[in-house]
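Structure first, commentary second.
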Amino acid sequence: MKRAAATPKLHWPSPPPRETLALGSDELQLWCAALSEFRDEVARFVTLLSEAERSKASGFHFPAHRDSYILRHGILRILLSGYRKQHPRDIEFSFRPLGKPELKDGLPQAPLHFSHSHSGDLALYAITRSCPVGVDVECLKPVPDMDQIVRQFFSSQEIQALAALPEEERLHAFYACWTRKEACLKVDGEGISQGVKHVDFSHTLLQETKTLETVGDLQRPDRWRLQSLAPAAGYLGAVAYERPALRVTQWSLPASLALICAT
Ligand SMILES: CC(C)(COP(=O)(O)OP(=O)(O)OC[C@H]1O[C@@H](n2cnc3c(N)ncnc32)[C@H](O)[C@@H]1OP(=O)(O)O)[C@@H](O)C(=O)NCCC(=O)NCCS
């Protein structure tokens with residue numbers, strides 16, 4: 001795989017040995033992966049994908065984008081297969097009207113919810129048995145059209161709070177706000193196109209929110225639990241879900257996936 005971005009230094013620890021990897025009913029597991037560490041796996045991972053995924057992969061113009069897609073989806077399948085005790089190739093997805101993927105044959109007695117996101121060389125996955133979840137990650141690079149994006153997607157309070165910040169704090173606050181919005185709106189996958197201006201995080205703009213806090217929209221002010229994430233140097237993320245609070249664990253994916261799952 002061509003290196004599209006430098007391999008990030010991951011902040012989260014390695015997971016426990018595979019035998020002890022379990023997902024409690026009150027737990028939310030977060031995984032991050034530096035995709036370039038898996039570049040030798042592209043040929044193997046492509047065999048794990050569905051026909052639809054392979055067709056989407058072959059439609060990318062740039063080989064680096066194609067390989068990134070194959071690796072992200074291969075890793076997602078491998079992670080889910082570990083919890084489902086199923087071969088990665090046998091995992092089937094269905095999609096909500098605006099594209100949120102779900103497990104097709106999710107058993108009501110043993111549901112598994114997930115969300116994933118990527119930016120630059122980093123992929124982030126959130127998996128829980130408890131409730132729908134949303135995750136977002138962004139590489140902290142300059143945003144030349146920040147003012148235009150802010151006008152389009154941020155609430156008036158957020159625009160004011162951002163404008164009041166010193167120049168050197170603005171980029172970080174912009175990404176904090178953006179990833180929190182995306183994470184919340186990816187929970188049910190339906191609010192992204194309509195609701196983005198109505199979710200207001202201006203009060204959290206300067207907070208670290210390393211611990212979970214509740215935020216909401218105008219109708220339901222305590223709708224989501226939200227936590228900002230710093231999975232790797234130069235990246236910022238957020239995870240959100242609807243209440244109640246879950247136990248959150250964070251792991252970096254080892255380059256040898258055999259450690260967590262045999263394929
Ligand atoms: C579709 C959207 C989820 C894509 O997000 P992104 O930042 O481009 O990409 P990410 O890597 O974070 O997430 C992509 C993954 O989210 C999932 N996804 C797609 N549509 C989704 C939806 N409606 N809800 C939840 N998850 C969705 C998919 O698994 C997708 O992976 P894939 O493209 O490899 O199949 C979302 O950001 C969007 O609609 N944006 C439109 C602009 C917008 O309203 N932005 C508001 C920001 S404040």
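Residue numbering restarts at 1 for every chain of the structure tokens, chains are lettered A, B, ... in their displayed order, and ligands are numbered from 1 as they appear.
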Write out as JSON lines the residues of chain A that have any atom within 9 Å of an atom of ligand 1, one row each with the nearest atom pair and its distance in Å to one decimal, counting only C-alpha atoms and all ligand atoms, sorted by chain and then rising number.
{"residue": "A:Glu53", "atom": "CA", "partner": "ligand 1", "partner_atom_place_in_ligand_line": "35 (O)", "distance": 8.3}
{"residue": "A:Ser68", "atom": "CA", "partner": "ligand 1", "partner_atom_place_in_ligand_line": "34 (O)", "distance": 8.9}
{"residue": "A:Tyr69", "atom": "CA", "partner": "ligand 1", "partner_atom_place_in_ligand_line": "34 (O)", "distance": 6.0}
{"residue": "A:Ile70", "atom": "CA", "partner": "ligand 1", "partner_atom_place_in_ligand_line": "34 (O)", "distance": 8.7}
{"residue": "A:Arg72", "atom": "CA", "partner": "ligand 1", "partner_atom_place_in_ligand_line": "34 (O)", "distance": 6.8}
{"residue": "A:His73", "atom": "CA", "partner": "ligand 1", "partner_atom_place_in_ligand_line": "34 (O)", "distance": 6.7}
{"residue": "A:Phe95", "atom": "CA", "partner": "ligand 1", "partner_atom_place_in_ligand_line": "20 (N)", "distance": 8.4}
{"residue": "A:Arg96", "atom": "CA", "partner": "ligand 1", "partner_atom_place_in_ligand_line": "23 (N)", "distance": 7.3}
{"residue": "A:Pro97", "atom": "CA", "partner": "ligand 1", "partner_atom_place_in_ligand_line": "23 (N)", "distance": 7.6}
{"residue": "A:Leu98", "atom": "CA", "partner": "ligand 1", "partner_atom_place_in_ligand_line": "23 (N)", "distance": 4.4}
{"residue": "A:Gly99", "atom": "CA", "partner": "ligand 1", "partner_atom_place_in_ligand_line": "20 (N)", "distance": 3.8}
{"residue": "A:Lys100", "atom": "CA", "partner": "ligand 1", "partner_atom_place_in_ligand_line": "21 (C)", "distance": 3.7}
{"residue": "A:Pro101", "atom": "CA", "partner": "ligand 1", "partner_atom_place_in_ligand_line": "29 (O)", "distance": 5.5}
{"residue": "A:Glu102", "atom": "CA", "partner": "ligand 1", "partner_atom_place_in_ligand_line": "29 (O)", "distance": 8.6}
{"residue": "A:Phe114", "atom": "CA", "partner": "ligand 1", "partner_atom_place_in_ligand_line": "29 (O)", "distance": 8.8}
{"residue": "A:Ser115", "atom": "CA", "partner": "ligand 1", "partner_atom_place_in_ligand_line": "26 (N)", "distance": 6.3}
{"residue": "A:His116", "atom": "CA", "partner": "ligand 1", "partner_atom_place_in_ligand_line": "15 (C)", "distance": 5.5}
{"residue": "A:Ser117", "atom": "CA", "partner": "ligand 1", "partner_atom_place_in_ligand_line": "11 (O)", "distance": 3.4}
{"residue": "A:His118", "atom": "CA", "partner": "ligand 1", "partner_atom_place_in_ligand_line": "11 (O)", "distance": 4.0}
{"residue": "A:Ser119", "atom": "CA", "partner": "ligand 1", "partner_atom_place_in_ligand_line": "11 (O)", "distance": 6.2}
{"residue": "A:Ala123", "atom": "CA", "partner": "ligand 1", "partner_atom_place_in_ligand_line": "11 (O)", "distance": 7.7}
{"residue": "A:Leu124", "atom": "CA", "partner": "ligand 1", "partner_atom_place_in_ligand_line": "11 (O)", "distance": 8.4}
{"residue": "A:Val133", "atom": "CA", "partner": "ligand 1", "partner_atom_place_in_ligand_line": "25 (C)", "distance": 8.7}
{"residue": "A:Gly134", "atom": "CA", "partner": "ligand 1", "partner_atom_place_in_ligand_line": "25 (C)", "distance": 6.6}
{"residue": "A:Val135", "atom": "CA", "partner": "ligand 1", "partner_atom_place_in_ligand_line": "12 (O)", "distance": 7.2}
{"residue": "A:Asp136", "atom": "CA", "partner": "ligand 1", "partner_atom_place_in_ligand_line": "12 (O)", "distance": 4.9}
{"residue": "A:Val137", "atom": "CA", "partner": "ligand 1", "partner_atom_place_in_ligand_line": "12 (O)", "distance": 6.2}
{"residue": "A:Glu138", "atom": "CA", "partner": "ligand 1", "partner_atom_place_in_ligand_line": "7 (O)", "distance": 7.7}
{"residue": "A:Ile149", "atom": "CA", "partner": "ligand 1", "partner_atom_place_in_ligand_line": "48 (S)", "distance": 8.4}
{"residue": "A:Val150", "atom": "CA", "partner": "ligand 1", "partner_atom_place_in_ligand_line": "48 (S)", "distance": 8.3}
{"residue": "A:Gln152", "atom": "CA", "partner": "ligand 1", "partner_atom_place_in_ligand_line": "48 (S)", "distance": 8.8}
{"residue": "A:Phe153", "atom": "CA", "partner": "ligand 1", "partner_atom_place_in_ligand_line": "48 (S)", "distance": 5.4}
{"residue": "A:Phe154", "atom": "CA", "partner": "ligand 1", "partner_atom_place_in_ligand_line": "48 (S)", "distance": 6.7}
{"residue": "A:Cys177", "atom": "CA", "partner": "ligand 1", "partner_atom_place_in_ligand_line": "48 (S)", "distance": 7.5}
{"residue": "A:Trp178", "atom": "CA", "partner": "ligand 1", "partner_atom_place_in_ligand_line": "48 (S)", "distance": 4.6}
{"residue": "A:Thr179", "atom": "CA", "partner": "ligand 1", "partner_atom_place_in_ligand_line": "48 (S)", "distance": 7.0}
{"residue": "A:Arg180", "atom": "CA", "partner": "ligand 1", "partner_atom_place_in_ligand_line": "48 (S)", "distance": 7.9}
{"residue": "A:Lys181", "atom": "CA", "partner": "ligand 1", "partner_atom_place_in_ligand_line": "48 (S)", "distance": 5.1}
{"residue": "A:Glu182", "atom": "CA", "partner": "ligand 1", "partner_atom_place_in_ligand_line": "47 (C)", "distance": 5.0}
{"residue": "A:Ala183", "atom": "CA", "partner": "ligand 1", "partner_atom_place_in_ligand_line": "25 (C)", "distance": 8.2}
{"residue": "A:Leu185", "atom": "CA", "partner": "ligand 1", "partner_atom_place_in_ligand_line": "24 (N)", "distance": 6.8}
{"residue": "A:Lys186", "atom": "CA", "partner": "ligand 1", "partner_atom_place_in_ligand_line": "25 (C)", "distance": 3.7}
{"residue": "A:Val187", "atom": "CA", "partner": "ligand 1", "partner_atom_place_in_ligand_line": "25 (C)", "distance": 6.2}
{"residue": "A:Asp188", "atom": "CA", "partner": "ligand 1", "partner_atom_place_in_ligand_line": "24 (N)", "distance": 6.3}
{"residue": "A:Gly189", "atom": "CA", "partner": "ligand 1", "partner_atom_place_in_ligand_line": "24 (N)", "distance": 3.1}
{"residue": "A:Glu190", "atom": "CA", "partner": "ligand 1", "partner_atom_place_in_ligand_line": "23 (N)", "distance": 5.7}
{"residue": "A:Gly191", "atom": "CA", "partner": "ligand 1", "partner_atom_place_in_ligand_line": "23 (N)", "distance": 7.7}
{"residue": "A:Ile192", "atom": "CA", "partner": "ligand 1", "partner_atom_place_in_ligand_line": "44 (O)", "distance": 4.6}
{"residue": "A:Ser193", "atom": "CA", "partner": "ligand 1", "partner_atom_place_in_ligand_line": "44 (O)", "distance": 5.1}
{"residue": "A:Gln194", "atom": "CA", "partner": "ligand 1", "partner_atom_place_in_ligand_line": "44 (O)", "distance": 7.7}
{"residue": "A:Gly195", "atom": "CA", "partner": "ligand 1", "partner_atom_place_in_ligand_line": "44 (O)", "distance": 8.1}
{"residue": "A:Val196", "atom": "CA", "partner": "ligand 1", "partner_atom_place_in_ligand_line": "46 (C)", "distance": 5.8}
{"residue": "A:Lys197", "atom": "CA", "partner": "ligand 1", "partner_atom_place_in_ligand_line": "48 (S)", "distance": 7.9}
Convert the current residue selection to file output with C-alpha atoms, as a PDB file, in the first residue's frame.
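In the end it all went to out-v9.pdb:
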ATOM      1  CA  GLU A  53     -17.291  -4.156  -1.111  1.00  0.00           C
ATOM      2  CA  SER A  68      -7.235   1.917   2.534  1.00  0.00           C
ATOM      3  CA  TYR A  69     -10.858   0.879   1.916  1.00  0.00           C
ATOM      4  CA  ILE A  70      -9.898  -2.821   1.693  1.00  0.00           C
ATOM      5  CA  ARG A  72     -10.577  -0.723   6.843  1.00  0.00           C
ATOM      6  CA  HIS A  73     -13.308  -3.126   5.828  1.00  0.00           C
ATOM      7  CA  PHE A  95     -27.773  -0.350   5.514  1.00  0.00           C
ATOM      8  CA  ARG A  96     -30.139   2.267   6.878  1.00  0.00           C
ATOM      9  CA  PRO A  97     -31.585   4.720   4.333  1.00  0.00           C
ATOM     10  CA  LEU A  98     -28.709   7.213   4.770  1.00  0.00           C
ATOM     11  CA  GLY A  99     -25.965   4.594   4.732  1.00  0.00           C
ATOM     12  CA  LYS A 100     -25.371   3.545   8.349  1.00  0.00           C
ATOM     13  CA  PRO A 101     -24.202  -0.074   8.219  1.00  0.00           C
ATOM     14  CA  GLU A 102     -25.597  -2.682  10.606  1.00  0.00           C
ATOM     15  CA  PHE A 114     -20.700  -0.821  15.688  1.00  0.00           C
ATOM     16  CA  SER A 115     -19.506   2.323  13.982  1.00  0.00           C
ATOM     17  CA  HIS A 116     -16.271   3.090  12.209  1.00  0.00           C
ATOM     18  CA  SER A 117     -14.418   6.074  10.859  1.00  0.00           C
ATOM     19  CA  HIS A 118     -11.099   6.864   9.267  1.00  0.00           C
ATOM     20  CA  SER A 119      -8.930   9.819   8.435  1.00  0.00           C
ATOM     21  CA  ALA A 123      -9.044   3.828  11.386  1.00  0.00           C
ATOM     22  CA  LEU A 124     -11.254   3.851  14.469  1.00  0.00           C
ATOM     23  CA  VAL A 133     -23.010   3.920  18.702  1.00  0.00           C
ATOM     24  CA  GLY A 134     -21.324   6.564  16.567  1.00  0.00           C
ATOM     25  CA  VAL A 135     -17.620   7.283  16.184  1.00  0.00           C
ATOM     26  CA  ASP A 136     -15.612   9.814  14.225  1.00  0.00           C
ATOM     27  CA  VAL A 137     -11.911  10.580  13.840  1.00  0.00           C
ATOM     28  CA  GLU A 138     -10.091  13.347  12.025  1.00  0.00           C
ATOM     29  CA  ILE A 149     -17.640  24.855   6.769  1.00  0.00           C
ATOM     30  CA  VAL A 150     -18.404  26.507  10.086  1.00  0.00           C
ATOM     31  CA  GLN A 152     -22.638  25.658   6.833  1.00  0.00           C
ATOM     32  CA  PHE A 153     -22.564  23.115   9.650  1.00  0.00           C
ATOM     33  CA  PHE A 154     -22.132  24.861  13.008  1.00  0.00           C
ATOM     34  CA  CYS A 177     -16.646  20.239  17.687  1.00  0.00           C
ATOM     35  CA  TRP A 178     -16.744  18.545  14.285  1.00  0.00           C
ATOM     36  CA  THR A 179     -15.887  15.051  15.560  1.00  0.00           C
ATOM     37  CA  ARG A 180     -18.428  15.368  18.403  1.00  0.00           C
ATOM     38  CA  LYS A 181     -21.152  16.319  15.970  1.00  0.00           C
ATOM     39  CA  GLU A 182     -20.286  13.545  13.532  1.00  0.00           C
ATOM     40  CA  ALA A 183     -20.130  10.946  16.328  1.00  0.00           C
ATOM     41  CA  LEU A 185     -25.099  12.092  14.260  1.00  0.00           C
ATOM     42  CA  LYS A 186     -23.675   8.682  13.326  1.00  0.00           C
ATOM     43  CA  VAL A 187     -25.417   7.025  16.288  1.00  0.00           C
ATOM     44  CA  ASP A 188     -28.677   6.515  14.446  1.00  0.00           C
ATOM     45  CA  GLY A 189     -27.303   7.592  11.076  1.00  0.00           C
ATOM     46  CA  GLU A 190     -30.289   9.720  10.265  1.00  0.00           C
ATOM     47  CA  GLY A 191     -29.495  13.162  11.541  1.00  0.00           C
ATOM     48  CA  ILE A 192     -26.432  13.990   9.490  1.00  0.00           C
ATOM     49  CA  SER A 193     -28.147  15.622   6.555  1.00  0.00           C
ATOM     50  CA  GLN A 194     -30.831  17.456   8.533  1.00  0.00           C
ATOM     51  CA  GLY A 195     -29.766  17.930  12.146  1.00  0.00           C
ATOM     52  CA  VAL A 196     -26.224  19.111  12.105  1.00  0.00           C
ATOM     53  CA  LYS A 197     -26.861  22.781  12.932  1.00  0.00           C
TER      54      LYS A 197
END
Open item on the list: List the spatial neighbours of A:Gln29 as number ranges by chain - criterion: any atom at most 6 Å away, only C-alpha atoms, same-chain residues fewer than 3 positions off excluded.
Closed with: A: 126-127, 248-249
Please dump the current selection as a CSV table (one decimal), in the first residue's frame; keep C-alpha atoms.
chain,number,residue,atom,x,y,z
A,126,ALA,CA,-16.5,1.3,18.2
A,127,ILE,CA,-18.3,-1.9,19.2
A,248,VAL,CA,-15.2,2.2,27.8
A,249,THR,CA,-12.0,0.3,26.9
Open item on the list: Run DSSP on the backbone and tell me which residues of stretch 14-249 of chain A come out as strand (DSSP E); list them as a PyMOL selection string.
Closed with: chain A and resi 27-34+93-95+101-103+113-119+122-128+133-139+213-215+224-229+235-242+247-249
Can you spit out the residues from that selection as a short mmCIF file (atom, residue, chain, number, x, y, z; two decimals), in the first residue's frame, using C-alpha atoms?
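Once everything was written out, this is again15.cif:
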data_model
loop_
_atom_site.label_atom_id
_atom_site.label_comp_id
_atom_site.auth_asym_id
_atom_site.auth_seq_id
_atom_site.Cartn_x
_atom_site.Cartn_y
_atom_site.Cartn_z
CA GLU A 27 -19.00 -2.35 27.72
CA LEU A 28 -17.97 -0.22 24.75
CA GLN A 29 -14.75 -1.30 23.07
CA LEU A 30 -12.79 1.12 20.93
CA TRP A 31 -10.07 0.00 18.55
CA CYS A 32 -7.67 2.10 16.55
CA ALA A 33 -5.40 0.92 13.75
CA ALA A 34 -2.59 2.51 11.76
CA PHE A 93 -24.32 -6.01 6.46
CA SER A 94 -27.53 -4.13 5.82
CA PHE A 95 -27.77 -0.35 5.51
CA PRO A 101 -24.20 -0.07 8.22
CA GLU A 102 -25.60 -2.68 10.61
CA LEU A 103 -25.21 -6.42 11.02
CA HIS A 113 -23.63 -2.48 17.40
CA PHE A 114 -20.70 -0.82 15.69
CA SER A 115 -19.51 2.32 13.98
CA HIS A 116 -16.27 3.09 12.21
CA SER A 117 -14.42 6.07 10.86
CA HIS A 118 -11.10 6.86 9.27
CA SER A 119 -8.93 9.82 8.43
CA LEU A 122 -5.94 6.00 11.12
CA ALA A 123 -9.04 3.83 11.39
CA LEU A 124 -11.25 3.85 14.47
CA TYR A 125 -13.87 1.26 15.44
CA ALA A 126 -16.49 1.29 18.22
CA ILE A 127 -18.26 -1.94 19.17
CA THR A 128 -20.83 -2.62 21.89
CA VAL A 133 -23.01 3.92 18.70
CA GLY A 134 -21.32 6.56 16.57
CA VAL A 135 -17.62 7.28 16.18
CA ASP A 136 -15.61 9.81 14.23
CA VAL A 137 -11.91 10.58 13.84
CA GLU A 138 -10.09 13.35 12.02
CA CYS A 139 -6.45 14.00 11.20
CA GLU A 213 -20.66 13.84 29.42
CA THR A 214 -24.22 14.17 28.27
CA VAL A 215 -25.15 16.50 25.45
CA TRP A 224 -26.17 11.44 24.04
CA ARG A 225 -23.19 10.41 26.09
CA LEU A 226 -20.13 11.80 24.45
CA GLN A 227 -16.40 11.39 24.90
CA SER A 228 -13.53 12.93 23.00
CA LEU A 229 -10.74 10.57 22.00
CA TYR A 235 -5.62 12.83 15.48
CA LEU A 236 -8.77 13.70 17.38
CA GLY A 237 -11.92 11.63 17.65
CA ALA A 238 -15.19 11.27 19.51
CA VAL A 239 -17.58 8.50 20.40
CA ALA A 240 -21.27 8.90 21.24
CA TYR A 241 -24.19 6.72 22.19
CA GLU A 242 -27.55 7.17 23.85
CA ARG A 247 -17.55 0.95 30.53
CA VAL A 248 -15.18 2.18 27.82
CA THR A 249 -12.01 0.28 26.86
#
- [ ] May I have all residues of stretch 137-174 of chain A that DSSP, computed from the backbone, assigns to helix (DSSP H, G or I), given as a PyMOL selection string?
- [x] chain A and resi 146-153+156-163+167-174
- [ ] Fewer than 6 positions away in the same chain doesn't count, so skip those; otherwise give me all residues within 7 Å of stretch 231-234 of chain A, counting only C-alpha atoms, as a PyMOL selection string.
- [x] chain A and resi 8-12+32+139-140
TODO: Would you please work out which residue, of A:Leu80, A:His172, A:Glu51, A:Pro132, is nearest to A:Pro244 when using only C-alpha atoms?
DONE: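 Smallest distance to A:Pro244 is found for A:Pro132.
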